[in-house]
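run11.pdb (PDB, C-alpha atoms and all ligand atoms) appears below.
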```
ATOM      1  CA  MET A   1      30.241  68.678  62.135  1.00  0.00           C
ATOM      2  CA  ILE A   2      31.355  66.960  58.899  1.00  0.00           C
ATOM      3  CA  GLU A   3      34.335  67.947  56.734  1.00  0.00           C
ATOM      4  CA  ASP A   4      33.218  67.986  53.088  1.00  0.00           C
ATOM      5  CA  ARG A   5      35.227  65.616  50.871  1.00  0.00           C
ATOM      6  CA  ARG A   6      35.533  68.209  48.089  1.00  0.00           C
ATOM      7  CA  TRP A   7      37.513  70.842  50.007  1.00  0.00           C
ATOM      8  CA  LYS A   8      39.919  70.939  52.946  1.00  0.00           C
ATOM      9  CA  GLY A   9      38.684  72.865  55.989  1.00  0.00           C
ATOM     10  CA  VAL A  10      35.048  73.179  54.850  1.00  0.00           C
ATOM     11  CA  TYR A  11      32.548  71.842  57.381  1.00  0.00           C
ATOM     12  CA  SER A  12      28.760  71.496  57.465  1.00  0.00           C
ATOM     13  CA  PHE A  13      26.388  70.527  60.280  1.00  0.00           C
ATOM     14  CA  GLU A  14      24.195  68.145  58.327  1.00  0.00           C
ATOM     15  CA  ASP A  15      24.866  65.578  61.079  1.00  0.00           C
ATOM     16  CA  SER A  16      23.165  67.833  63.677  1.00  0.00           C
ATOM     17  CA  PRO A  17      19.364  67.347  63.734  1.00  0.00           C
ATOM     18  CA  PHE A  18      18.888  70.462  65.857  1.00  0.00           C
ATOM     19  CA  ILE A  19      20.803  72.725  63.459  1.00  0.00           C
ATOM     20  CA  MET A  20      18.930  71.102  60.539  1.00  0.00           C
ATOM     21  CA  GLU A  21      15.588  71.814  62.226  1.00  0.00           C
ATOM     22  CA  ILE A  22      16.459  75.510  62.602  1.00  0.00           C
ATOM     23  CA  LEU A  23      17.600  75.574  58.964  1.00  0.00           C
ATOM     24  CA  THR A  24      14.304  73.994  57.865  1.00  0.00           C
ATOM     25  CA  GLU A  25      12.364  76.818  59.503  1.00  0.00           C
ATOM     26  CA  LEU A  26      14.627  79.391  57.819  1.00  0.00           C
ATOM     27  CA  ARG A  27      14.095  77.755  54.417  1.00  0.00           C
ATOM     28  CA  ASP A  28      10.292  77.675  54.807  1.00  0.00           C
ATOM     29  CA  GLU A  29       8.744  80.476  52.727  1.00  0.00           C
ATOM     30  CA  ARG A  30       6.030  80.910  55.385  1.00  0.00           C
ATOM     31  CA  THR A  31       8.578  81.946  58.051  1.00  0.00           C
ATOM     32  CA  GLY A  32       8.197  85.681  58.684  1.00  0.00           C
ATOM     33  CA  PRO A  33      10.914  88.188  59.696  1.00  0.00           C
ATOM     34  CA  ILE A  34      10.613  87.693  63.480  1.00  0.00           C
ATOM     35  CA  PRO A  35      11.134  83.887  63.528  1.00  0.00           C
ATOM     36  CA  PHE A  36      13.633  84.267  60.669  1.00  0.00           C
ATOM     37  CA  ARG A  37      15.819  86.636  62.725  1.00  0.00           C
ATOM     38  CA  LYS A  38      15.402  84.452  65.822  1.00  0.00           C
ATOM     39  CA  GLY A  39      16.482  81.411  63.775  1.00  0.00           C
ATOM     40  CA  LEU A  40      19.646  83.213  62.665  1.00  0.00           C
ATOM     41  CA  VAL A  41      20.433  84.174  66.276  1.00  0.00           C
ATOM     42  CA  LYS A  42      19.955  80.527  67.368  1.00  0.00           C
ATOM     43  CA  LEU A  43      22.170  79.240  64.561  1.00  0.00           C
ATOM     44  CA  GLY A  44      24.874  81.753  65.484  1.00  0.00           C
ATOM     45  CA  ARG A  45      24.816  80.588  69.079  1.00  0.00           C
ATOM     46  CA  TYR A  46      24.981  76.855  68.300  1.00  0.00           C
ATOM     47  CA  MET A  47      27.553  77.222  65.550  1.00  0.00           C
ATOM     48  CA  ALA A  48      29.785  79.265  67.870  1.00  0.00           C
ATOM     49  CA  TYR A  49      29.443  76.524  70.482  1.00  0.00           C
ATOM     50  CA  GLU A  50      30.510  73.929  67.870  1.00  0.00           C
ATOM     51  CA  LEU A  51      33.392  76.170  66.816  1.00  0.00           C
ATOM     52  CA  THR A  52      34.752  76.240  70.378  1.00  0.00           C
ATOM     53  CA  LYS A  53      35.409  72.486  69.956  1.00  0.00           C
ATOM     54  CA  THR A  54      38.080  73.408  67.366  1.00  0.00           C
ATOM     55  CA  MET A  55      39.748  75.990  69.646  1.00  0.00           C
ATOM     56  CA  GLU A  56      42.917  75.660  71.704  1.00  0.00           C
ATOM     57  CA  THR A  57      42.305  74.996  75.394  1.00  0.00           C
ATOM     58  CA  GLU A  58      44.472  74.815  78.492  1.00  0.00           C
ATOM     59  CA  LYS A  59      44.128  73.152  81.886  1.00  0.00           C
ATOM     60  CA  VAL A  60      43.798  75.605  84.771  1.00  0.00           C
ATOM     61  CA  PRO A  61      43.680  75.087  88.525  1.00  0.00           C
ATOM     62  CA  VAL A  62      40.353  75.911  90.193  1.00  0.00           C
ATOM     63  CA  ARG A  63      39.495  75.974  93.901  1.00  0.00           C
ATOM     64  CA  THR A  64      35.966  74.777  94.694  1.00  0.00           C
ATOM     65  CA  PRO A  65      34.526  75.549  98.161  1.00  0.00           C
ATOM     66  CA  LEU A  66      35.860  72.072  99.110  1.00  0.00           C
ATOM     67  CA  GLU A  67      39.205  71.549  97.364  1.00  0.00           C
ATOM     68  CA  GLU A  68      41.575  72.374  94.516  1.00  0.00           C
ATOM     69  CA  THR A  69      40.883  70.665  91.174  1.00  0.00           C
ATOM     70  CA  GLU A  70      41.595  71.100  87.479  1.00  0.00           C
ATOM     71  CA  GLY A  71      39.456  73.111  85.074  1.00  0.00           C
ATOM     72  CA  VAL A  72      39.533  74.177  81.413  1.00  0.00           C
ATOM     73  CA  LEU A  73      40.037  77.539  79.763  1.00  0.00           C
ATOM     74  CA  ILE A  74      39.430  78.009  76.033  1.00  0.00           C
ATOM     75  CA  LYS A  75      42.405  80.254  75.230  1.00  0.00           C
ATOM     76  CA  ASP A  76      41.260  81.082  71.693  1.00  0.00           C
ATOM     77  CA  ARG A  77      37.845  82.275  72.908  1.00  0.00           C
ATOM     78  CA  ARG A  78      39.611  85.293  74.454  1.00  0.00           C
ATOM     79  CA  ASN A  79      41.118  86.258  71.101  1.00  0.00           C
ATOM     80  CA  VAL A  80      38.268  86.520  68.616  1.00  0.00           C
ATOM     81  CA  VAL A  81      37.365  89.206  66.096  1.00  0.00           C
ATOM     82  CA  ILE A  82      33.921  88.857  64.512  1.00  0.00           C
ATOM     83  CA  ILE A  83      33.440  90.614  61.187  1.00  0.00           C
ATOM     84  CA  THR A  84      29.744  91.270  60.546  1.00  0.00           C
ATOM     85  CA  VAL A  85      28.828  91.624  56.871  1.00  0.00           C
ATOM     86  CA  LEU A  86      25.788  93.899  56.545  1.00  0.00           C
ATOM     87  CA  ARG A  87      22.914  93.323  56.421  1.00  0.00           C
ATOM     88  CA  ALA A  88      22.044  89.692  56.887  1.00  0.00           C
ATOM     89  CA  ALA A  89      24.833  88.820  59.347  1.00  0.00           C
ATOM     90  CA  ILE A  90      23.492  91.102  62.100  1.00  0.00           C
ATOM     91  CA  PRO A  91      21.299  88.419  63.787  1.00  0.00           C
ATOM     92  CA  LEU A  92      23.945  85.729  63.164  1.00  0.00           C
ATOM     93  CA  MET A  93      26.535  87.893  64.947  1.00  0.00           C
ATOM     94  CA  GLU A  94      24.125  88.432  67.850  1.00  0.00           C
ATOM     95  CA  GLY A  95      24.098  84.640  68.329  1.00  0.00           C
ATOM     96  CA  LEU A  96      27.841  84.168  67.848  1.00  0.00           C
ATOM     97  CA  ILE A  97      28.709  86.795  70.438  1.00  0.00           C
ATOM     98  CA  LYS A  98      26.574  85.065  73.082  1.00  0.00           C
ATOM     99  CA  VAL A  99      29.172  82.274  73.142  1.00  0.00           C
ATOM    100  CA  LEU A 100      32.188  84.295  71.977  1.00  0.00           C
ATOM    101  CA  ASP A 101      31.490  87.074  74.435  1.00  0.00           C
ATOM    102  CA  HIS A 102      35.047  88.462  74.531  1.00  0.00           C
ATOM    103  CA  ALA A 103      34.976  89.188  70.804  1.00  0.00           C
ATOM    104  CA  ARG A 104      35.980  92.495  69.272  1.00  0.00           C
ATOM    105  CA  VAL A 105      33.637  93.281  66.410  1.00  0.00           C
ATOM    106  CA  GLY A 106      34.245  94.735  62.968  1.00  0.00           C
ATOM    107  CA  ILE A 107      31.397  95.857  60.714  1.00  0.00           C
ATOM    108  CA  VAL A 108      31.628  95.983  56.925  1.00  0.00           C
ATOM    109  CA  SER A 109      28.927  96.768  54.422  1.00  0.00           C
ATOM    110  CA  ALA A 110      28.770  94.733  51.235  1.00  0.00           C
ATOM    111  CA  SER A 111      26.046  94.911  48.664  1.00  0.00           C
ATOM    112  CA  ARG A 112      26.041  92.571  45.699  1.00  0.00           C
ATOM    113  CA  GLY A 113      25.021  94.000  42.324  1.00  0.00           C
ATOM    114  CA  LYS A 114      22.946  92.187  39.707  1.00  0.00           C
ATOM    115  CA  ALA A 115      23.981  89.263  37.449  1.00  0.00           C
ATOM    116  CA  PRO A 116      26.126  88.626  35.512  1.00  0.00           C
ATOM    117  CA  LYS A 117      28.812  90.868  37.100  1.00  0.00           C
ATOM    118  CA  PHE A 118      27.733  90.675  40.762  1.00  0.00           C
ATOM    119  CA  GLU A 119      29.867  93.707  41.558  1.00  0.00           C
ATOM    120  CA  ILE A 120      30.388  94.275  45.262  1.00  0.00           C
ATOM    121  CA  GLU A 121      29.859  97.749  46.676  1.00  0.00           C
ATOM    122  CA  MET A 122      31.677  98.190  49.970  1.00  0.00           C
ATOM    123  CA  LYS A 123      31.123 101.622  51.464  1.00  0.00           C
ATOM    124  CA  TYR A 124      31.602 101.113  55.197  1.00  0.00           C
ATOM    125  CA  VAL A 125      34.564  99.358  56.821  1.00  0.00           C
ATOM    126  CA  LYS A 126      35.240  99.569  60.562  1.00  0.00           C
ATOM    127  CA  VAL A 127      37.591  96.766  61.607  1.00  0.00           C
ATOM    128  CA  PRO A 128      39.750  96.582  64.757  1.00  0.00           C
ATOM    129  CA  GLN A 129      43.486  95.753  64.775  1.00  0.00           C
ATOM    130  CA  VAL A 130      43.971  92.017  64.165  1.00  0.00           C
ATOM    131  CA  LYS A 131      46.685  90.315  66.265  1.00  0.00           C
ATOM    132  CA  PRO A 132      48.655  87.096  65.524  1.00  0.00           C
ATOM    133  CA  GLU A 133      46.772  85.186  68.256  1.00  0.00           C
ATOM    134  CA  ASP A 134      43.323  86.146  66.901  1.00  0.00           C
ATOM    135  CA  THR A 135      40.702  83.947  65.299  1.00  0.00           C
ATOM    136  CA  VAL A 136      38.910  86.148  62.781  1.00  0.00           C
ATOM    137  CA  ILE A 137      35.348  84.963  62.233  1.00  0.00           C
ATOM    138  CA  ILE A 138      33.595  86.399  59.198  1.00  0.00           C
ATOM    139  CA  ALA A 139      29.838  86.094  59.632  1.00  0.00           C
ATOM    140  CA  ASP A 140      27.673  86.070  56.503  1.00  0.00           C
ATOM    141  CA  PRO A 141      24.660  83.758  56.210  1.00  0.00           C
ATOM    142  CA  MET A 142      24.780  83.275  52.420  1.00  0.00           C
ATOM    143  CA  ILE A 143      27.834  82.249  50.395  1.00  0.00           C
ATOM    144  CA  ALA A 144      26.604  82.270  46.808  1.00  0.00           C
ATOM    145  CA  THR A 145      29.119  83.331  44.105  1.00  0.00           C
ATOM    146  CA  GLY A 146      31.655  83.987  46.887  1.00  0.00           C
ATOM    147  CA  SER A 147      32.373  87.502  45.515  1.00  0.00           C
ATOM    148  CA  THR A 148      31.293  89.226  48.747  1.00  0.00           C
ATOM    149  CA  LEU A 149      33.498  87.149  51.014  1.00  0.00           C
ATOM    150  CA  ILE A 150      36.540  87.302  48.709  1.00  0.00           C
ATOM    151  CA  ARG A 151      36.244  91.089  48.821  1.00  0.00           C
ATOM    152  CA  VAL A 152      35.733  91.095  52.608  1.00  0.00           C
ATOM    153  CA  LEU A 153      38.751  88.812  53.156  1.00  0.00           C
ATOM    154  CA  ASP A 154      40.943  90.972  50.875  1.00  0.00           C
ATOM    155  CA  GLU A 155      39.965  93.954  53.020  1.00  0.00           C
ATOM    156  CA  VAL A 156      40.175  92.331  56.469  1.00  0.00           C
ATOM    157  CA  LYS A 157      43.636  90.913  55.793  1.00  0.00           C
ATOM    158  CA  LYS A 158      44.920  94.519  55.617  1.00  0.00           C
ATOM    159  CA  TYR A 159      44.228  94.870  59.368  1.00  0.00           C
ATOM    160  CA  GLY A 160      46.886  92.350  60.509  1.00  0.00           C
ATOM    161  CA  LYS A 161      47.652  88.633  60.161  1.00  0.00           C
ATOM    162  CA  ALA A 162      45.434  86.353  62.263  1.00  0.00           C
ATOM    163  CA  LYS A 163      45.991  82.833  63.606  1.00  0.00           C
ATOM    164  CA  ARG A 164      42.830  81.612  61.813  1.00  0.00           C
ATOM    165  CA  TYR A 165      40.314  83.003  59.332  1.00  0.00           C
ATOM    166  CA  VAL A 166      36.938  81.298  59.725  1.00  0.00           C
ATOM    167  CA  ILE A 167      33.766  81.928  57.734  1.00  0.00           C
ATOM    168  CA  VAL A 168      30.527  81.154  59.565  1.00  0.00           C
ATOM    169  CA  GLY A 169      27.449  80.977  57.352  1.00  0.00           C
ATOM    170  CA  VAL A 170      24.104  79.293  56.932  1.00  0.00           C
ATOM    171  CA  LEU A 171      24.153  78.087  53.312  1.00  0.00           C
ATOM    172  CA  ALA A 172      26.886  77.861  50.713  1.00  0.00           C
ATOM    173  CA  ALA A 173      26.882  76.979  47.028  1.00  0.00           C
ATOM    174  CA  PRO A 174      29.707  74.767  45.713  1.00  0.00           C
ATOM    175  CA  GLU A 175      30.690  77.488  43.170  1.00  0.00           C
ATOM    176  CA  GLY A 176      31.200  80.063  45.931  1.00  0.00           C
ATOM    177  CA  ILE A 177      33.179  77.725  48.174  1.00  0.00           C
ATOM    178  CA  SER A 178      35.548  76.817  45.314  1.00  0.00           C
ATOM    179  CA  ARG A 179      36.128  80.472  44.406  1.00  0.00           C
ATOM    180  CA  ILE A 180      36.816  81.469  48.020  1.00  0.00           C
ATOM    181  CA  LYS A 181      39.189  78.515  48.596  1.00  0.00           C
ATOM    182  CA  GLU A 182      41.051  79.421  45.397  1.00  0.00           C
ATOM    183  CA  ALA A 183      41.462  83.080  46.389  1.00  0.00           C
ATOM    184  CA  HIS A 184      42.054  82.420  50.116  1.00  0.00           C
ATOM    185  CA  PRO A 185      43.220  78.802  50.660  1.00  0.00           C
ATOM    186  CA  ASP A 186      43.949  79.482  54.358  1.00  0.00           C
ATOM    187  CA  VAL A 187      40.271  80.140  55.140  1.00  0.00           C
ATOM    188  CA  GLU A 188      38.131  77.591  57.013  1.00  0.00           C
ATOM    189  CA  MET A 189      34.390  77.491  56.434  1.00  0.00           C
ATOM    190  CA  PHE A 190      31.603  76.357  58.770  1.00  0.00           C
ATOM    191  CA  VAL A 191      28.097  76.368  57.289  1.00  0.00           C
ATOM    192  CA  ALA A 192      24.858  74.715  58.350  1.00  0.00           C
ATOM    193  CA  ALA A 193      24.548  73.074  54.907  1.00  0.00           C
ATOM    194  CA  ILE A 194      26.060  73.058  51.435  1.00  0.00           C
ATOM    195  CA  ASP A 195      23.327  73.404  48.808  1.00  0.00           C
ATOM    196  CA  ARG A 196      23.144  72.181  45.202  1.00  0.00           C
ATOM    197  CA  GLU A 197      23.857  75.140  42.913  1.00  0.00           C
ATOM    198  CA  LEU A 198      23.174  78.764  41.946  1.00  0.00           C
ATOM    199  CA  ASN A 199      20.424  79.930  39.638  1.00  0.00           C
ATOM    200  CA  GLU A 200      21.034  82.449  36.817  1.00  0.00           C
ATOM    201  CA  LYS A 201      20.427  85.350  39.228  1.00  0.00           C
ATOM    202  CA  GLY A 202      23.044  84.041  41.656  1.00  0.00           C
ATOM    203  CA  TYR A 203      20.578  82.696  44.243  1.00  0.00           C
ATOM    204  CA  ILE A 204      21.382  79.487  46.106  1.00  0.00           C
ATOM    205  CA  LEU A 205      19.162  76.470  45.274  1.00  0.00           C
ATOM    206  CA  PRO A 206      17.201  75.194  47.108  1.00  0.00           C
ATOM    207  CA  GLY A 207      18.395  77.977  49.440  1.00  0.00           C
ATOM    208  CA  LEU A 208      16.209  80.211  51.572  1.00  0.00           C
ATOM    209  CA  GLY A 209      15.804  83.237  49.306  1.00  0.00           C
ATOM    210  CA  ASP A 210      17.291  86.656  50.010  1.00  0.00           C
ATOM    211  CA  ALA A 211      18.455  86.462  53.618  1.00  0.00           C
ATOM    212  CA  GLY A 212      18.668  90.245  54.078  1.00  0.00           C
ATOM    213  CA  ASP A 213      15.162  90.831  52.733  1.00  0.00           C
ATOM    214  CA  ARG A 214      13.677  87.968  54.733  1.00  0.00           C
ATOM    215  CA  ALA A 215      15.233  89.235  57.965  1.00  0.00           C
ATOM    216  CA  PHE A 216      14.642  92.956  57.486  1.00  0.00           C
ATOM    217  CA  GLY A 217      12.170  93.446  54.607  1.00  0.00           C
ATOM    218  CA  ALA A 218      12.907  94.356  50.989  1.00  0.00           C
ATOM    219  CA  PRO A 219      14.430  97.826  50.579  1.00  0.00           C
ATOM    220  CA  ILE A 220      12.985 100.280  48.069  1.00  0.00           C
ATOM    221  CA  ARG A 221      14.812 102.844  45.937  1.00  0.00           C
ATOM    222  CA  VAL A 222      13.613 106.458  46.285  1.00  0.00           C
TER     223      VAL A 222
HETATM  224  O1  LIG B 301      28.422  85.156  47.597  1.00  0.00           O
HETATM  225  P1  LIG B 301      27.798  86.334  46.927  1.00  0.00           P
HETATM  226  O2  LIG B 301      27.334  86.010  45.533  1.00  0.00           O
HETATM  227  O3  LIG B 301      28.663  87.546  46.953  1.00  0.00           O
HETATM  228  O4  LIG B 301      26.446  86.673  47.673  1.00  0.00           O
HETATM  229  C1  LIG B 301      26.298  86.617  49.038  1.00  0.00           C
HETATM  230  C2  LIG B 301      25.910  87.934  49.624  1.00  0.00           C
HETATM  231  O5  LIG B 301      24.589  88.285  49.196  1.00  0.00           O
HETATM  232  C3  LIG B 301      23.841  88.693  50.321  1.00  0.00           C
HETATM  233  O6  LIG B 301      24.029  90.046  50.581  1.00  0.00           O
HETATM  234  P2  LIG B 301      23.285  91.193  49.754  1.00  0.00           P
HETATM  235  O7  LIG B 301      24.219  91.795  48.751  1.00  0.00           O
HETATM  236  O8  LIG B 301      21.970  90.697  49.247  1.00  0.00           O
HETATM  237  O9  LIG B 301      23.077  92.315  50.864  1.00  0.00           O
HETATM  238  P3  LIG B 301      22.040  92.322  52.076  1.00  0.00           P
HETATM  239  O10 LIG B 301      22.570  91.405  53.139  1.00  0.00           O
HETATM  240  O11 LIG B 301      22.038  93.734  52.491  1.00  0.00           O
HETATM  241  O12 LIG B 301      20.707  91.864  51.540  1.00  0.00           O
HETATM  242  C4  LIG B 301      24.400  87.834  51.429  1.00  0.00           C
HETATM  243  O13 LIG B 301      24.104  88.313  52.712  1.00  0.00           O
HETATM  244  C5  LIG B 301      25.864  87.832  51.119  1.00  0.00           C
HETATM  245  O14 LIG B 301      26.569  88.899  51.713  1.00  0.00           O
HETATM  246  O1  LIG B 302      20.575  82.838  47.710  1.00  0.00           O
HETATM  247  C1  LIG B 302      21.098  83.915  48.036  1.00  0.00           C
HETATM  248  C2  LIG B 302      22.240  84.429  47.385  1.00  0.00           C
HETATM  249  C3  LIG B 302      22.757  85.613  47.803  1.00  0.00           C
HETATM  250  N1  LIG B 302      22.185  86.274  48.830  1.00  0.00           N
HETATM  251  C4  LIG B 302      21.096  85.795  49.455  1.00  0.00           C
HETATM  252  O2  LIG B 302      20.592  86.422  50.396  1.00  0.00           O
HETATM  253  N2  LIG B 302      20.565  84.635  49.039  1.00  0.00           N
HETATM  254 MG    MG B 303      20.235  90.704  50.016  1.00  0.00          MG
END
```
Take the structure from the file and write it as structure tokens.
Ligand SMILES: O=P(O)(O)OC[C@H]1O[C@H](OP(=O)(O)OP(=O)(O)O)[C@H](O)[C@@H]1O
Ligand SMILES: O=c1cc[nH]c(=O)[nH]1
Ligand SMILES: [Mg+2]
Amino acid sequence: MIEDRRWKGVYSFEDSPFIMEILTELRDERTGPIPFRKGLVKLGRYMAYELTKTMETEKVPVRTPLEETEGVLIKDRRNVVIITVLRAAIPLMEGLIKVLDHARVGIVSASRGKAPKFEIEMKYVKVPQVKPEDTVIIADPMIATGSTLIRVLDEVKKYGKAKRYVIVGVLAAPEGISRIKEAHPDVEMFVAAIDRELNEKGYILPGLGDAGDRAFGAPIRV
């Protein structure tokens, strides 16, 4: 996990060959929906494991069949809310919750409109009460213009003040990170990699394409 020099509290996993190998398969245009979803689940699991290294722990007594010794309890792992941003975060959340198995889960829908406005349509919001001891993890694989996550954070912050707000994603563009940090400076970000830029349609370059469509197929309008 490396903190990027450009922003405070923004980390990538470019130092982890295993996470980079999963990302390479996700980027590959030949990867179909089944391995794509499996890759997102794997990333969620390993990124959650890495995230536990940043959580508060305490020493606890434990009795083995032979004697009393000292063990560890990750206190913060008991106080997690995962916000799943439809659609593409569904498999990422499935991975995160394997490690953060005590998590309460909120679901929000967010659909980004076309360039140049990229208006966010948010029709469905089901979020649990957020408590002061909670770490709120917002799962969304793609952080492009940042509009989606700014809107999600504005919304989620209405449900109570958390100890930490943490975005977990796969790829982020520098433009999106800067906009999110400007609007919500308290937010930490953990992404597999930070890519170069956005194209004129708001897609991340080199990126992996449309994460929702690659995981679930392109929707049609009827
Ligand atoms: O940072 P932004 O510019 O706001 O873009 C990022 C958003 O775009 C994608 O969602 P999309 O609207 O395509 O919905 P989907 O997951 O249903 O495909 C992605 O999953 C993010 O939520
Ligand atoms: O590159 C991008 C940008 C937004 N949403 C995606 O799924 N991919
Ligand atoms: Mg999409």
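Take the candidates A:Val60, A:Met142, A:Val156, A:Leu208 and check each one against Glu25 in chain A using all atoms listed in the file; the shortest distance goes to A:Leu208.
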### Message
Once the PyMOL selection byres (((chain A and resi 114-128) around 8) and not hetatm) has been evaluated on this model, what residues remain selected, and can you format them as a list in words?
### Response
Val81, Ile83, Arg104, Val105, Gly106, Ile107, Val108, Ser109, Ala110, Ser111, Arg112, Gly113, Gln129, Val130, Ser147, Thr148, Arg151, Val156, Tyr159, Glu200, Lys201 and Gly202 of chain A
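The space separating CA of Leu171 in chain A from CA of Ala193 in chain A comes to 5.3 Å.
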### Query
What lies within 10 Å of Ala183 in chain A using only C-alpha atoms, ignoring chain neighbours under 6 positions off, as a PyMOL selection string?
chain A and resi 146+150-151+153-154
Residues as selected, C-alpha atoms, written as a CSV table (one decimal), in the frame of the given file, can you do that?
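Just written: result16.csv:
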```
chain,number,residue,atom,x,y,z
A,146,GLY,CA,31.7,84.0,46.9
A,150,ILE,CA,36.5,87.3,48.7
A,151,ARG,CA,36.2,91.1,48.8
A,153,LEU,CA,38.8,88.8,53.2
A,154,ASP,CA,40.9,91.0,50.9
```
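Taking all atoms listed in the file into account, those protein, DNA and RNA residues with any atom at most 8 Å away from (16.1, 78.5, 61.3) amount to Ile19, Met20, Glu21, Ile22, Leu23, Thr24, Glu25, Leu26, Arg27, Pro35, Phe36, Lys38, Gly39, Leu40, Lys42 and Leu43 of chain A.
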Can you spit out the residues from that selection as a PDB file, in the coordinates of the input, using C-alpha atoms?
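For reference, again-v9.pdb as written:
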```
ATOM      1  CA  ILE A  19      20.803  72.725  63.459  1.00  0.00           C
ATOM      2  CA  MET A  20      18.930  71.102  60.539  1.00  0.00           C
ATOM      3  CA  GLU A  21      15.588  71.814  62.226  1.00  0.00           C
ATOM      4  CA  ILE A  22      16.459  75.510  62.602  1.00  0.00           C
ATOM      5  CA  LEU A  23      17.600  75.574  58.964  1.00  0.00           C
ATOM      6  CA  THR A  24      14.304  73.994  57.865  1.00  0.00           C
ATOM      7  CA  GLU A  25      12.364  76.818  59.503  1.00  0.00           C
ATOM      8  CA  LEU A  26      14.627  79.391  57.819  1.00  0.00           C
ATOM      9  CA  ARG A  27      14.095  77.755  54.417  1.00  0.00           C
ATOM     10  CA  PRO A  35      11.134  83.887  63.528  1.00  0.00           C
ATOM     11  CA  PHE A  36      13.633  84.267  60.669  1.00  0.00           C
ATOM     12  CA  LYS A  38      15.402  84.452  65.822  1.00  0.00           C
ATOM     13  CA  GLY A  39      16.482  81.411  63.775  1.00  0.00           C
ATOM     14  CA  LEU A  40      19.646  83.213  62.665  1.00  0.00           C
ATOM     15  CA  LYS A  42      19.955  80.527  67.368  1.00  0.00           C
ATOM     16  CA  LEU A  43      22.170  79.240  64.561  1.00  0.00           C
TER      17      LEU A  43
END
```
### Message
As a check of understanding, name the residues that the PyMOL selection byres (((not hetatm)) within 9 of (chain B and resi 303)) selects in the supplied structure, as a PyMOL selection string.
### Response
chain A and resi 87-88+111-112+209-214+218
Taking all atoms of range 188-191 of chain A that the file lists, what box with edges along x, y and z, padded by 3 Å per side, do you get, with centre and edge lengths in Å to one decimal, as lines of an AutoDock Vina configuration file?
```
center_x = 33.1
center_y = 77.0
center_z = 57.6
size_x = 16.0
size_y = 7.2
size_z = 8.3
```
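Interatomic distance, CA of Lys75 in chain A to CA of Val170 in chain A: 25.9 Å.
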### Task
Report as a ChimeraX atom specification the full result of the PyMOL selection byres (((chain A and resi 70) around 9) and not hetatm) when it is applied to this structure.
/A:59-63,68-69,71-72
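The space separating CA of Thr54 in chain A from CA of Arg179 in chain A comes to 24.1 Å.
Residues in contact range of Val99 in chain A, defined as at most 12 Å between only C-alpha atoms, with sequence neighbours fewer than 6 positions away removed, read A:Val41, A:Lys42, A:Leu43, A:Gly44, A:Arg45, A:Tyr46, A:Met47, A:Ala48, A:Tyr49, A:Glu50, A:Leu51, A:Thr52, A:Ile74, A:Arg77, A:Arg78, A:Val80, A:Ile82, A:Leu92, A:Met93.
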If you keep C-alpha atoms, can you produce a file of those selected residues as a compact mmCIF listing (two decimals), in the coordinates of the input?
```txt
# COMPACT_ATOMS: atom_id res chain seq x y z
CA VAL A 41 20.43 84.17 66.28
CA LYS A 42 19.95 80.53 67.37
CA LEU A 43 22.17 79.24 64.56
CA GLY A 44 24.87 81.75 65.48
CA ARG A 45 24.82 80.59 69.08
CA TYR A 46 24.98 76.86 68.30
CA MET A 47 27.55 77.22 65.55
CA ALA A 48 29.78 79.26 67.87
CA TYR A 49 29.44 76.52 70.48
CA GLU A 50 30.51 73.93 67.87
CA LEU A 51 33.39 76.17 66.82
CA THR A 52 34.75 76.24 70.38
CA ILE A 74 39.43 78.01 76.03
CA ARG A 77 37.84 82.28 72.91
CA ARG A 78 39.61 85.29 74.45
CA VAL A 80 38.27 86.52 68.62
CA ILE A 82 33.92 88.86 64.51
CA LEU A 92 23.94 85.73 63.16
CA MET A 93 26.54 87.89 64.95
```
